[in-house]
>>> print(open('start28.pdb').read())   # PDB, C-alpha atoms
ATOM      1  CA  MET F   1     -15.578  38.519  23.976
ATOM      2  CA  GLN F   2     -17.934  35.622  23.258
ATOM      3  CA  HIS F   3     -16.621  32.528  21.492
ATOM      4  CA  GLU F   4     -18.002  31.544  18.093
ATOM      5  CA  LEU F   5     -20.666  28.828  18.354
ATOM      6  CA  PHE F   6     -20.936  27.716  14.727
ATOM      7  CA  ARG F   7     -20.779  28.984  11.165
ATOM      8  CA  PHE F   8     -22.402  28.257   7.821
ATOM      9  CA  GLY F   9     -22.206  29.463   4.241
ATOM     10  CA  SER F  10     -24.982  31.238   2.351
ATOM     11  CA  ILE F  11     -25.670  31.737  -1.364
ATOM     12  CA  ALA F  12     -28.561  33.546  -3.056
ATOM     13  CA  ASP F  13     -29.963  33.372  -6.576
ATOM     14  CA  ILE F  14     -27.504  31.088  -8.328
ATOM     15  CA  GLN F  15     -30.087  31.065 -11.136
ATOM     16  CA  TYR F  16     -28.123  29.059 -13.693
ATOM     17  CA  GLY F  17     -29.320  28.714 -17.271
ATOM     18  CA  ASP F  18     -27.537  27.797 -20.479
ATOM     19  CA  PHE F  19     -27.944  31.302 -21.902
ATOM     20  CA  GLU F  20     -25.750  34.049 -23.223
ATOM     21  CA  ASN F  21     -25.351  36.983 -20.831
ATOM     22  CA  GLY F  22     -28.630  38.781 -20.314
ATOM     23  CA  THR F  23     -29.868  41.855 -18.495
ATOM     24  CA  GLY F  24     -32.211  42.255 -15.565
ATOM     25  CA  GLU F  25     -33.324  45.804 -14.773
ATOM     26  CA  GLY F  26     -30.287  47.005 -16.701
ATOM     27  CA  ARG F  27     -27.792  44.804 -14.810
ATOM     28  CA  CYS F  28     -25.737  42.088 -16.459
ATOM     29  CA  GLN F  29     -26.741  38.522 -15.655
ATOM     30  CA  ARG F  30     -23.841  36.155 -16.342
ATOM     31  CA  PHE F  31     -25.619  32.826 -16.660
ATOM     32  CA  ARG F  32     -22.820  30.649 -18.016
ATOM     33  CA  GLU F  33     -20.311  31.920 -15.461
ATOM     34  CA  VAL F  34     -22.443  30.604 -12.602
ATOM     35  CA  PRO F  35     -21.167  26.990 -12.413
ATOM     36  CA  MET F  36     -17.564  28.179 -12.163
ATOM     37  CA  LYS F  37     -18.494  30.792  -9.536
ATOM     38  CA  LEU F  38     -20.482  28.239  -7.565
ATOM     39  CA  GLU F  39     -17.628  25.728  -7.551
ATOM     40  CA  ARG F  40     -15.197  28.432  -6.480
ATOM     41  CA  SER F  41     -17.500  29.663  -3.711
ATOM     42  CA  LEU F  42     -17.844  26.138  -2.323
ATOM     43  CA  GLN F  43     -14.079  25.693  -2.258
ATOM     44  CA  ILE F  44     -13.600  28.965  -0.366
ATOM     45  CA  MET F  45     -16.336  28.071   2.114
ATOM     46  CA  TYR F  46     -14.659  24.724   2.788
ATOM     47  CA  GLU F  47     -11.470  26.665   3.505
ATOM     48  CA  HIS F  48     -13.505  28.675   6.020
ATOM     49  CA  ASP F  49     -14.516  25.376   7.677
ATOM     50  CA  VAL F  50     -18.274  25.672   7.185
ATOM     51  CA  ARG F  51     -20.269  22.571   8.097
ATOM     52  CA  LEU F  52     -23.450  23.682   6.320
ATOM     53  CA  ILE F  53     -24.182  25.646   3.156
ATOM     54  CA  LEU F  54     -27.583  27.317   2.792
ATOM     55  CA  THR F  55     -29.053  28.397  -0.530
ATOM     56  CA  VAL F  56     -31.960  30.838  -0.363
ATOM     57  CA  GLY F  57     -33.669  29.916  -3.619
ATOM     58  CA  ASP F  58     -33.575  30.186  -7.409
ATOM     59  CA  ILE F  59     -31.073  27.482  -8.261
ATOM     60  CA  ILE F  60     -31.978  27.754 -11.960
ATOM     61  CA  GLU F  61     -33.346  30.421 -14.285
ATOM     62  CA  GLY F  62     -35.935  28.474 -16.299
ATOM     63  CA  HIS F  63     -36.733  28.650 -19.993
ATOM     64  CA  LYS F  64     -39.699  30.354 -21.619
ATOM     65  CA  PRO F  65     -41.564  28.293 -22.620
ATOM     66  CA  GLN F  66     -40.696  25.417 -20.327
ATOM     67  CA  SER F  67     -38.457  22.872 -22.041
ATOM     68  CA  ALA F  68     -36.183  19.884 -21.459
ATOM     69  CA  ALA F  69     -33.364  22.402 -21.052
ATOM     70  CA  ASP F  70     -34.735  23.224 -17.586
ATOM     71  CA  GLN F  71     -33.881  19.719 -16.418
ATOM     72  CA  ALA F  72     -30.444  19.935 -18.023
ATOM     73  CA  ASP F  73     -29.781  23.192 -16.161
ATOM     74  CA  LEU F  74     -30.922  21.651 -12.876
ATOM     75  CA  ASP F  75     -28.635  18.683 -13.500
ATOM     76  CA  VAL F  76     -25.614  20.986 -13.856
ATOM     77  CA  ILE F  77     -26.222  22.535 -10.438
ATOM     78  CA  THR F  78     -27.243  19.372  -8.601
ATOM     79  CA  THR F  79     -24.112  17.657  -9.924
ATOM     80  CA  ILE F  80     -21.966  20.389  -8.360
ATOM     81  CA  PHE F  81     -23.791  20.141  -5.036
ATOM     82  CA  SER F  82     -23.649  16.330  -5.085
ATOM     83  CA  LYS F  83     -19.892  16.669  -4.587
ATOM     84  CA  ALA F  84     -20.233  19.041  -1.633
ATOM     85  CA  ARG F  85     -18.032  18.198   1.325
ATOM     86  CA  CYS F  86     -20.607  19.380   3.858
ATOM     87  CA  THR F  87     -24.365  19.417   4.339
ATOM     88  CA  VAL F  88     -26.362  21.622   1.946
ATOM     89  CA  ALA F  89     -29.803  23.005   2.882
ATOM     90  CA  HIS F  90     -31.869  24.395   0.014
ATOM     91  CA  THR F  91     -34.792  26.826  -0.161
ATOM     92  CA  LEU F  92     -37.309  26.860  -3.013
ATOM     93  CA  GLY F  93     -37.472  29.988  -5.182
ATOM     94  CA  ASN F  94     -39.963  31.115  -7.816
ATOM     95  CA  HIS F  95     -37.649  30.205 -10.708
ATOM     96  CA  ASP F  96     -37.097  26.710  -9.296
ATOM     97  CA  VAL F  97     -40.728  25.747  -9.750
ATOM     98  CA  CYS F  98     -40.447  26.060 -13.523
ATOM     99  CA  LEU F  99     -40.134  22.308 -12.984
ATOM    100  CA  ASP F 100     -42.450  20.207 -10.851
ATOM    101  CA  ARG F 101     -41.868  21.299  -7.261
ATOM    102  CA  GLU F 102     -41.756  17.762  -5.867
ATOM    103  CA  HIS F 103     -39.233  16.742  -8.493
ATOM    104  CA  VAL F 104     -37.057  19.763  -7.660
ATOM    105  CA  ARG F 105     -37.399  19.097  -3.939
ATOM    106  CA  ARG F 106     -36.262  15.494  -4.340
ATOM    107  CA  SER F 107     -33.455  16.467  -6.715
ATOM    108  CA  LEU F 108     -32.129  18.924  -4.126
ATOM    109  CA  GLY F 109     -32.444  16.454  -1.262
ATOM    110  CA  MET F 110     -34.909  18.633   0.638
ATOM    111  CA  PRO F 111     -36.933  16.732   3.260
ATOM    112  CA  ALA F 112     -39.997  18.867   2.436
ATOM    113  CA  CYS F 113     -40.773  22.167   0.726
ATOM    114  CA  TYR F 114     -40.600  23.794   4.169
ATOM    115  CA  TYR F 115     -38.811  22.206   7.081
ATOM    116  CA  ALA F 116     -36.786  22.591  10.261
ATOM    117  CA  ARG F 117     -33.259  21.363  10.916
ATOM    118  CA  PRO F 118     -30.864  21.763  13.849
ATOM    119  CA  LEU F 119     -27.883  24.070  13.438
ATOM    120  CA  HIS F 120     -26.197  23.763  16.835
ATOM    121  CA  PRO F 121     -27.355  22.971  20.371
ATOM    122  CA  GLY F 122     -29.896  25.689  21.137
ATOM    123  CA  TRP F 123     -30.143  26.867  17.507
ATOM    124  CA  LYS F 124     -32.479  25.784  14.719
ATOM    125  CA  LEU F 125     -32.999  26.688  11.040
ATOM    126  CA  LEU F 126     -36.529  27.062   9.664
ATOM    127  CA  VAL F 127     -36.650  26.914   5.867
ATOM    128  CA  LEU F 128     -39.846  28.478   4.514
ATOM    129  CA  ASP F 129     -41.510  28.032   1.124
ATOM    130  CA  THR F 130     -42.701  31.370  -0.257
ATOM    131  CA  THR F 131     -43.846  29.691  -3.487
ATOM    132  CA  ASP F 132     -46.528  27.956  -1.403
ATOM    133  CA  LEU F 133     -49.092  30.758  -1.806
ATOM    134  CA  SER F 134     -48.574  31.439  -5.505
ATOM    135  CA  ILE F 135     -50.325  31.089  -8.839
ATOM    136  CA  GLY F 136     -47.051  30.747 -10.741
ATOM    137  CA  THR F 137     -45.302  32.823 -13.373
ATOM    138  CA  GLU F 138     -44.737  32.959 -17.087
ATOM    139  CA  PHE F 139     -42.874  29.643 -16.657
ATOM    140  CA  LYS F 140     -45.767  27.539 -15.386
ATOM    141  CA  GLN F 141     -48.478  27.358 -12.754
ATOM    142  CA  CYS F 142     -47.181  26.544  -9.290
ATOM    143  CA  TRP F 143     -50.218  24.362  -8.671
ATOM    144  CA  PRO F 144     -52.807  22.579 -10.862
ATOM    145  CA  LEU F 145     -55.585  24.949 -11.893
ATOM    146  CA  ASP F 146     -58.214  22.778 -10.207
ATOM    147  CA  SER F 147     -56.307  22.449  -6.916
ATOM    148  CA  PRO F 148     -57.221  24.062  -3.562
ATOM    149  CA  LYS F 149     -53.684  25.573  -3.475
ATOM    150  CA  TYR F 150     -54.254  27.415  -6.754
ATOM    151  CA  ALA F 151     -57.720  28.544  -5.648
ATOM    152  CA  ALA F 152     -56.335  29.941  -2.377
ATOM    153  CA  ALA F 153     -53.525  31.800  -4.162
ATOM    154  CA  LYS F 154     -55.870  33.214  -6.810
ATOM    155  CA  ALA F 155     -58.293  34.392  -4.126
ATOM    156  CA  TYR F 156     -55.466  36.093  -2.210
ATOM    157  CA  LEU F 157     -54.163  37.792  -5.361
ATOM    158  CA  ASP F 158     -57.657  38.992  -6.322
ATOM    159  CA  ALA F 159     -58.220  40.340  -2.793
ATOM    160  CA  HIS F 160     -54.996  42.399  -2.909
ATOM    161  CA  PRO F 161     -55.012  44.265  -6.245
ATOM    162  CA  GLN F 162     -52.216  46.599  -7.264
ATOM    163  CA  ASP F 163     -54.498  49.594  -7.180
ATOM    164  CA  ASP F 164     -53.320  52.701  -5.357
ATOM    165  CA  GLY F 165     -49.732  51.582  -4.812
ATOM    166  CA  ALA F 166     -50.531  49.827  -1.556
ATOM    167  CA  ASN F 167     -49.805  46.403  -3.022
ATOM    168  CA  LEU F 168     -46.741  46.992  -5.161
ATOM    169  CA  HIS F 169     -45.484  43.514  -4.270
ATOM    170  CA  MET F 170     -48.496  41.630  -5.635
ATOM    171  CA  PHE F 171     -46.793  40.339  -8.757
ATOM    172  CA  ALA F 172     -47.274  36.771  -9.957
ATOM    173  CA  TRP F 173     -43.530  36.180  -9.635
ATOM    174  CA  ASN F 174     -43.746  36.819  -5.919
ATOM    175  CA  GLY F 175     -45.535  34.499  -3.529
ATOM    176  CA  GLY F 176     -46.182  33.873   0.111
ATOM    177  CA  ILE F 177     -46.812  31.427   2.906
ATOM    178  CA  GLY F 178     -50.066  29.483   2.969
ATOM    179  CA  GLU F 179     -52.299  28.935   5.985
ATOM    180  CA  GLU F 180     -51.012  25.448   6.815
ATOM    181  CA  GLN F 181     -47.392  26.577   6.633
ATOM    182  CA  MET F 182     -48.181  29.624   8.758
ATOM    183  CA  ARG F 183     -49.628  27.377  11.458
ATOM    184  CA  TRP F 184     -46.499  25.217  11.285
ATOM    185  CA  LEU F 185     -44.262  28.292  11.574
ATOM    186  CA  LYS F 186     -46.106  29.535  14.661
ATOM    187  CA  GLU F 187     -45.899  26.091  16.255
ATOM    188  CA  GLU F 188     -42.154  25.888  15.568
ATOM    189  CA  LEU F 189     -41.566  29.327  17.064
ATOM    190  CA  GLN F 190     -43.655  28.522  20.137
ATOM    191  CA  ALA F 191     -41.785  25.241  20.654
ATOM    192  CA  ALA F 192     -38.452  27.063  20.300
ATOM    193  CA  GLU F 193     -39.462  29.627  22.900
ATOM    194  CA  GLN F 194     -40.444  26.882  25.317
ATOM    195  CA  ALA F 195     -37.149  25.071  24.693
ATOM    196  CA  GLY F 196     -35.062  28.244  24.998
ATOM    197  CA  GLU F 197     -33.849  27.881  21.393
ATOM    198  CA  ARG F 198     -32.942  30.584  18.893
ATOM    199  CA  ILE F 199     -34.221  30.500  15.330
ATOM    200  CA  ILE F 200     -32.743  31.541  11.976
ATOM    201  CA  VAL F 201     -35.229  31.641   9.089
ATOM    202  CA  SER F 202     -34.542  31.160   5.389
ATOM    203  CA  SER F 203     -36.989  32.169   2.660
ATOM    204  CA  HIS F 204     -36.599  33.120  -0.963
ATOM    205  CA  HIS F 205     -38.833  36.191  -0.910
ATOM    206  CA  PRO F 206     -37.901  38.866   1.655
ATOM    207  CA  LEU F 207     -40.089  39.082   4.751
ATOM    208  CA  GLY F 208     -39.022  42.289   6.534
ATOM    209  CA  LEU F 209     -40.132  45.726   5.330
ATOM    210  CA  GLY F 210     -37.107  47.714   4.186
ATOM    211  CA  SER F 211     -34.889  44.668   3.657
ATOM    212  CA  ALA F 212     -35.611  44.692  -0.088
ATOM    213  CA  ARG F 213     -37.522  46.737  -2.612
ATOM    214  CA  ARG F 214     -41.280  46.659  -1.963
ATOM    215  CA  THR F 215     -41.811  45.129  -5.415
ATOM    216  CA  HIS F 216     -39.877  42.026  -4.360
ATOM    217  CA  MET F 217     -41.457  41.281  -0.978
ATOM    218  CA  ALA F 218     -43.457  38.143  -0.194
ATOM    219  CA  TRP F 219     -47.185  38.570  -0.746
ATOM    220  CA  ASN F 220     -48.094  38.272   2.946
ATOM    221  CA  PHE F 221     -44.808  39.564   4.332
ATOM    222  CA  GLU F 222     -46.597  41.797   6.848
ATOM    223  CA  GLU F 223     -48.225  38.818   8.561
ATOM    224  CA  VAL F 224     -45.018  36.778   8.492
ATOM    225  CA  GLN F 225     -42.940  39.730   9.690
ATOM    226  CA  ALA F 226     -45.302  40.271  12.614
ATOM    227  CA  THR F 227     -45.088  36.573  13.483
ATOM    228  CA  LEU F 228     -41.286  36.530  13.426
ATOM    229  CA  CYS F 229     -40.917  39.811  15.299
ATOM    230  CA  GLY F 230     -43.446  38.616  17.862
ATOM    231  CA  SER F 231     -41.253  35.670  18.813
ATOM    232  CA  LYS F 232     -38.330  36.154  21.148
ATOM    233  CA  ALA F 233     -36.821  32.973  19.693
ATOM    234  CA  CYS F 234     -36.337  34.296  16.155
ATOM    235  CA  VAL F 235     -33.311  36.536  15.559
ATOM    236  CA  LEU F 236     -32.438  36.464  11.834
ATOM    237  CA  ALA F 237     -34.298  36.024   8.530
ATOM    238  CA  LEU F 238     -32.233  35.438   5.387
ATOM    239  CA  ALA F 239     -33.665  35.902   1.897
ATOM    240  CA  GLY F 240     -32.774  36.423  -1.754
ATOM    241  CA  HIS F 241     -34.996  37.282  -4.764
ATOM    242  CA  ASP F 242     -34.117  40.994  -4.867
ATOM    243  CA  HIS F 243     -30.763  40.693  -6.608
ATOM    244  CA  LEU F 244     -29.555  44.013  -5.187
ATOM    245  CA  GLY F 245     -29.751  42.755  -1.606
ATOM    246  CA  GLY F 246     -30.719  44.773   1.446
ATOM    247  CA  TYR F 247     -31.040  44.923   5.221
ATOM    248  CA  ALA F 248     -33.525  46.038   7.861
ATOM    249  CA  ARG F 249     -33.765  45.744  11.623
ATOM    250  CA  ILE F 250     -37.269  45.586  13.037
ATOM    251  CA  GLY F 251     -37.342  45.354  16.806
ATOM    252  CA  HIS F 252     -34.961  42.585  17.817
ATOM    253  CA  MET F 253     -35.138  40.933  14.360
ATOM    254  CA  HIS F 254     -32.551  41.250  11.606
ATOM    255  CA  PHE F 255     -33.735  40.807   8.006
ATOM    256  CA  VAL F 256     -30.945  40.279   5.473
ATOM    257  CA  THR F 257     -31.437  39.987   1.721
ATOM    258  CA  GLN F 258     -28.339  38.586   0.064
ATOM    259  CA  PRO F 259     -27.221  39.838  -3.384
ATOM    260  CA  ALA F 260     -27.430  37.420  -6.309
ATOM    261  CA  MET F 261     -24.526  35.250  -7.408
ATOM    262  CA  LEU F 262     -25.971  35.502 -10.937
ATOM    263  CA  GLU F 263     -25.138  39.209 -11.134
ATOM    264  CA  ALA F 264     -21.644  39.127  -9.665
ATOM    265  CA  PRO F 265     -19.269  40.838 -12.121
ATOM    266  CA  GLU F 266     -16.804  38.956 -14.272
ATOM    267  CA  GLY F 267     -14.051  37.759 -11.972
ATOM    268  CA  GLY F 268     -16.217  38.467  -8.928
ATOM    269  CA  ASN F 269     -18.582  36.375  -6.839
ATOM    270  CA  ALA F 270     -21.368  36.669  -4.252
ATOM    271  CA  PHE F 271     -21.667  34.496  -1.146
ATOM    272  CA  GLY F 272     -21.068  34.755   2.558
ATOM    273  CA  VAL F 273     -19.925  32.962   5.679
ATOM    274  CA  ILE F 274     -22.212  33.532   8.642
ATOM    275  CA  LYS F 275     -20.609  33.211  12.077
ATOM    276  CA  VAL F 276     -22.907  32.852  15.055
ATOM    277  CA  PHE F 277     -22.040  33.925  18.602
ATOM    278  CA  SER F 278     -24.297  34.097  21.638
ATOM    279  CA  ASP F 279     -24.410  37.909  21.470
ATOM    280  CA  ARG F 280     -24.073  38.613  17.743
ATOM    281  CA  ILE F 281     -24.029  37.233  14.216
ATOM    282  CA  GLU F 282     -21.221  38.218  11.867
ATOM    283  CA  ILE F 283     -21.733  38.020   8.115
ATOM    284  CA  ASP F 284     -18.452  37.880   6.234
ATOM    285  CA  GLY F 285     -19.282  38.948   2.692
ATOM    286  CA  LEU F 286     -17.071  37.100   0.220
ATOM    287  CA  GLY F 287     -16.572  37.707  -3.448
ATOM    288  CA  SER F 288     -17.382  41.238  -4.501
ATOM    289  CA  GLN F 289     -21.112  41.700  -3.906
ATOM    290  CA  VAL F 290     -22.121  40.663  -0.393
ATOM    291  CA  PRO F 291     -21.554  43.292   2.313
ATOM    292  CA  SER F 292     -20.147  42.247   5.675
ATOM    293  CA  ARG F 293     -22.301  43.014   8.695
ATOM    294  CA  THR F 294     -22.298  42.567  12.454
ATOM    295  CA  LEU F 295     -25.784  41.909  13.801
ATOM    296  CA  HIS F 296     -26.081  42.380  17.559
ATOM    297  CA  LEU F 297     -28.544  40.111  19.336
TER     298      LEU F 297
END
>>> encode(input="start28.pdb", output="structure tokens")
Amino acid sequence: MQHELFRFGSIADIQYGDFENGTGEGRCQRFREVPMKLERSLQIMYEHDVRLILTVGDIIEGHKPQSAADQADLDVITTIFSKARCTVAHTLGNHDVCLDREHVRRSLGMPACYYARPLHPGWKLLVLDTTDLSIGTEFKQCWPLDSPKYAAAKAYLDAHPQDDGANLHMFAWNGGIGEEQMRWLKEELQAAEQAGERIIVSSHHPLGLGSARRTHMAWNFEEVQATLCGSKACVLALAGHDHLGGYARIGHMHFVTQPAMLEAPEGGNAFGVIKVFSDRIEIDGLGSQVPSRTLHL
């Protein structure tokens, strides 16, 4: 039996907002219970001796229209994380960019909107930004209307219409990875292969077909999936966005979509502790929503 190398905690779709309970696709969304659930999840993860906590996007819900309450909601969550007793690595989600993305990035202590960080000798985390290729949502535009980023996203959306069901995921509230980020991802994977490293990827939107509902996949998931599966270095991709969660194995790659903390039942919770071994990854689902899995490498 192989010895455990390292472990970290993982949380998806905290999505706090100062709202009464709402519904999403018929499921209860317990907005005001989130801070208590988040604080409790952190305490339990400390008890499990995690040295890193990863969030996979959507820290806040966002108001329609955008208002000062968005900043107040962000402040509630960043205050909780500011007291964390270990490192926290965040991922941008589509709801997070209801505020200026650079402001959110700085508030969360992210070094960039997409970035790499070491996890353990021989292991690295790549945090992707799937709001990079995006026009925005009913909250606000992701990019200024006169910017090259907006033009690229609009051109991609126009070139992939939801016509005959082939592009069910091409909603404005999804997004993808832009050309510059894709080049960076390929360079990181190539460098990891040359160094004999293994890679875990975090993104908000799911990247592996079958790991979430098609309607919730990243815009260019097929290209990203092919890139990840084509690298012997990459072994696991974690995501959120589809609050139901999901899992798929494609070749050697595991794609895990983690259920949303926002929709954990009253008295329940949704988070996990991920234990990494040289021959497998064990996900201990904690709370009531996240399934436990053993992923063989």
>>> atom_distance(input="start28.pdb", atom1="CA of Ala248 in chain F", atom2="CA of Thr55 in chain F")
20.0 Å
>>> resolve_selection(input="start28.pdb", expression="the PyMOL selection byres ((chain F and resi 46) around 12)", output="NGL selection string")
:F and (7-9 or 39-45 or 47-53 or 84-87 or 272-273)
>>> resolve_selection(input="start28.pdb", expression="the PyMOL selection byres ((chain F and resi 67-83) around 8)", output="ChimeraX atom specification")
/F:16-18,35,39,59-60,62-66,84-85,88,98-99,107-108
>>> axis_aligned_box(input="start28.pdb", around="range 170-176 of chain F", padding_each_side="6 Å", output="AutoDock Vina command-line options")
--center_x -46.0 --center_y 37.8 --center_z -4.9 --size_x 17.0 --size_y 19.8 --size_z 22.1
>>> resolve_selection(input="start28.pdb", expression="the PyMOL selection byres ((chain F and resi 232-239) around 7)", output="count of residues only")
26
>>> atom_distance(input="start28.pdb", atom1="CA of Ala270 in chain F", atom2="CA of Gly287 in chain F")
5.0 Å
>>> atom_distance(input="start28.pdb", atom1="CA of Ala153 in chain F", atom2="CA of Thr227 in chain F")
20.1 Å
>>> decode(input="start28.pdb", residues="range 193-211 of chain F", atoms="N, CA, C and O atoms", output="PDB file, in the first residue's frame")
ATOM      1  N   GLU F 193       5.692  17.583 -18.074  1.00  0.00           N
ATOM      2  CA  GLU F 193       6.112  16.301 -18.642  1.00  0.00           C
ATOM      3  C   GLU F 193       7.633  16.178 -18.637  1.00  0.00           C
ATOM      4  O   GLU F 193       8.182  15.128 -18.277  1.00  0.00           O
ATOM      5  N   GLN F 194       8.301  17.255 -19.017  1.00  0.00           N
ATOM      6  CA  GLN F 194       9.760  17.229 -19.064  1.00  0.00           C
ATOM      7  C   GLN F 194      10.364  17.092 -17.671  1.00  0.00           C
ATOM      8  O   GLN F 194      11.420  16.473 -17.507  1.00  0.00           O
ATOM      9  N   ALA F 195       9.670  17.646 -16.666  1.00  0.00           N
ATOM     10  CA  ALA F 195      10.166  17.592 -15.292  1.00  0.00           C
ATOM     11  C   ALA F 195       9.705  16.344 -14.549  1.00  0.00           C
ATOM     12  O   ALA F 195      10.088  16.133 -13.395  1.00  0.00           O
ATOM     13  N   GLY F 196       8.862  15.530 -15.188  1.00  0.00           N
ATOM     14  CA  GLY F 196       8.332  14.339 -14.532  1.00  0.00           C
ATOM     15  C   GLY F 196       7.323  14.667 -13.448  1.00  0.00           C
ATOM     16  O   GLY F 196       7.143  13.893 -12.499  1.00  0.00           O
ATOM     17  N   GLU F 197       6.625  15.810 -13.582  1.00  0.00           N
ATOM     18  CA  GLU F 197       5.635  16.227 -12.593  1.00  0.00           C
ATOM     19  C   GLU F 197       4.243  15.730 -12.970  1.00  0.00           C
ATOM     20  O   GLU F 197       3.959  15.445 -14.138  1.00  0.00           O
ATOM     21  N   ARG F 198       3.369  15.681 -11.983  1.00  0.00           N
ATOM     22  CA  ARG F 198       1.952  15.408 -12.210  1.00  0.00           C
ATOM     23  C   ARG F 198       1.152  16.675 -11.929  1.00  0.00           C
ATOM     24  O   ARG F 198       1.510  17.472 -11.059  1.00  0.00           O
ATOM     25  N   ILE F 199       0.059  16.816 -12.682  1.00  0.00           N
ATOM     26  CA  ILE F 199      -0.725  18.048 -12.664  1.00  0.00           C
ATOM     27  C   ILE F 199      -2.158  17.762 -12.235  1.00  0.00           C
ATOM     28  O   ILE F 199      -2.795  16.810 -12.699  1.00  0.00           O
ATOM     29  N   ILE F 200      -2.671  18.612 -11.340  1.00  0.00           N
ATOM     30  CA  ILE F 200      -4.100  18.686 -11.016  1.00  0.00           C
ATOM     31  C   ILE F 200      -4.589  20.042 -11.505  1.00  0.00           C
ATOM     32  O   ILE F 200      -3.932  21.067 -11.278  1.00  0.00           O
ATOM     33  N   VAL F 201      -5.718  20.054 -12.194  1.00  0.00           N
ATOM     34  CA  VAL F 201      -6.280  21.272 -12.772  1.00  0.00           C
ATOM     35  C   VAL F 201      -7.544  21.662 -12.011  1.00  0.00           C
ATOM     36  O   VAL F 201      -8.341  20.805 -11.621  1.00  0.00           O
ATOM     37  N   SER F 202      -7.707  22.962 -11.807  1.00  0.00           N
ATOM     38  CA  SER F 202      -8.946  23.505 -11.257  1.00  0.00           C
ATOM     39  C   SER F 202      -9.540  24.483 -12.260  1.00  0.00           C
ATOM     40  O   SER F 202      -8.830  25.332 -12.800  1.00  0.00           O
ATOM     41  N   SER F 203     -10.837  24.356 -12.507  1.00  0.00           N
ATOM     42  CA  SER F 203     -11.560  25.337 -13.323  1.00  0.00           C
ATOM     43  C   SER F 203     -12.970  25.435 -12.775  1.00  0.00           C
ATOM     44  O   SER F 203     -13.447  24.517 -12.109  1.00  0.00           O
ATOM     45  N   HIS F 204     -13.641  26.533 -13.050  1.00  0.00           N
ATOM     46  CA  HIS F 204     -15.024  26.623 -12.591  1.00  0.00           C
ATOM     47  C   HIS F 204     -15.939  25.797 -13.489  1.00  0.00           C
ATOM     48  O   HIS F 204     -16.700  24.955 -13.014  1.00  0.00           O
ATOM     49  N   HIS F 205     -15.863  26.033 -14.787  1.00  0.00           N
ATOM     50  CA  HIS F 205     -16.717  25.281 -15.714  1.00  0.00           C
ATOM     51  C   HIS F 205     -16.099  23.909 -15.992  1.00  0.00           C
ATOM     52  O   HIS F 205     -14.886  23.798 -16.190  1.00  0.00           O
ATOM     53  N   PRO F 206     -16.900  22.858 -16.020  1.00  0.00           N
ATOM     54  CA  PRO F 206     -16.391  21.516 -16.280  1.00  0.00           C
ATOM     55  C   PRO F 206     -15.749  21.389 -17.664  1.00  0.00           C
ATOM     56  O   PRO F 206     -16.184  22.032 -18.624  1.00  0.00           O
ATOM     57  N   LEU F 207     -14.755  20.526 -17.751  1.00  0.00           N
ATOM     58  CA  LEU F 207     -13.942  20.412 -18.965  1.00  0.00           C
ATOM     59  C   LEU F 207     -13.982  19.028 -19.595  1.00  0.00           C
ATOM     60  O   LEU F 207     -13.469  18.863 -20.715  1.00  0.00           O
ATOM     61  N   GLY F 208     -14.546  18.029 -18.917  1.00  0.00           N
ATOM     62  CA  GLY F 208     -14.566  16.672 -19.440  1.00  0.00           C
ATOM     63  C   GLY F 208     -15.982  16.226 -19.767  1.00  0.00           C
ATOM     64  O   GLY F 208     -16.869  16.276 -18.905  1.00  0.00           O
ATOM     65  N   LEU F 209     -16.208  15.787 -20.990  1.00  0.00           N
ATOM     66  CA  LEU F 209     -17.547  15.363 -21.415  1.00  0.00           C
ATOM     67  C   LEU F 209     -18.054  14.248 -20.502  1.00  0.00           C
ATOM     68  O   LEU F 209     -17.358  13.254 -20.263  1.00  0.00           O
ATOM     69  N   GLY F 210     -19.261  14.421 -19.987  1.00  0.00           N
ATOM     70  CA  GLY F 210     -19.858  13.432 -19.103  1.00  0.00           C
ATOM     71  C   GLY F 210     -19.665  13.740 -17.633  1.00  0.00           C
ATOM     72  O   GLY F 210     -20.315  13.125 -16.782  1.00  0.00           O
ATOM     73  N   SER F 211     -18.792  14.709 -17.320  1.00  0.00           N
ATOM     74  CA  SER F 211     -18.554  15.041 -15.911  1.00  0.00           C
ATOM     75  C   SER F 211     -19.572  16.034 -15.370  1.00  0.00           C
ATOM     76  O   SER F 211     -19.585  16.323 -14.172  1.00  0.00           O
TER      77      SER F 211
END
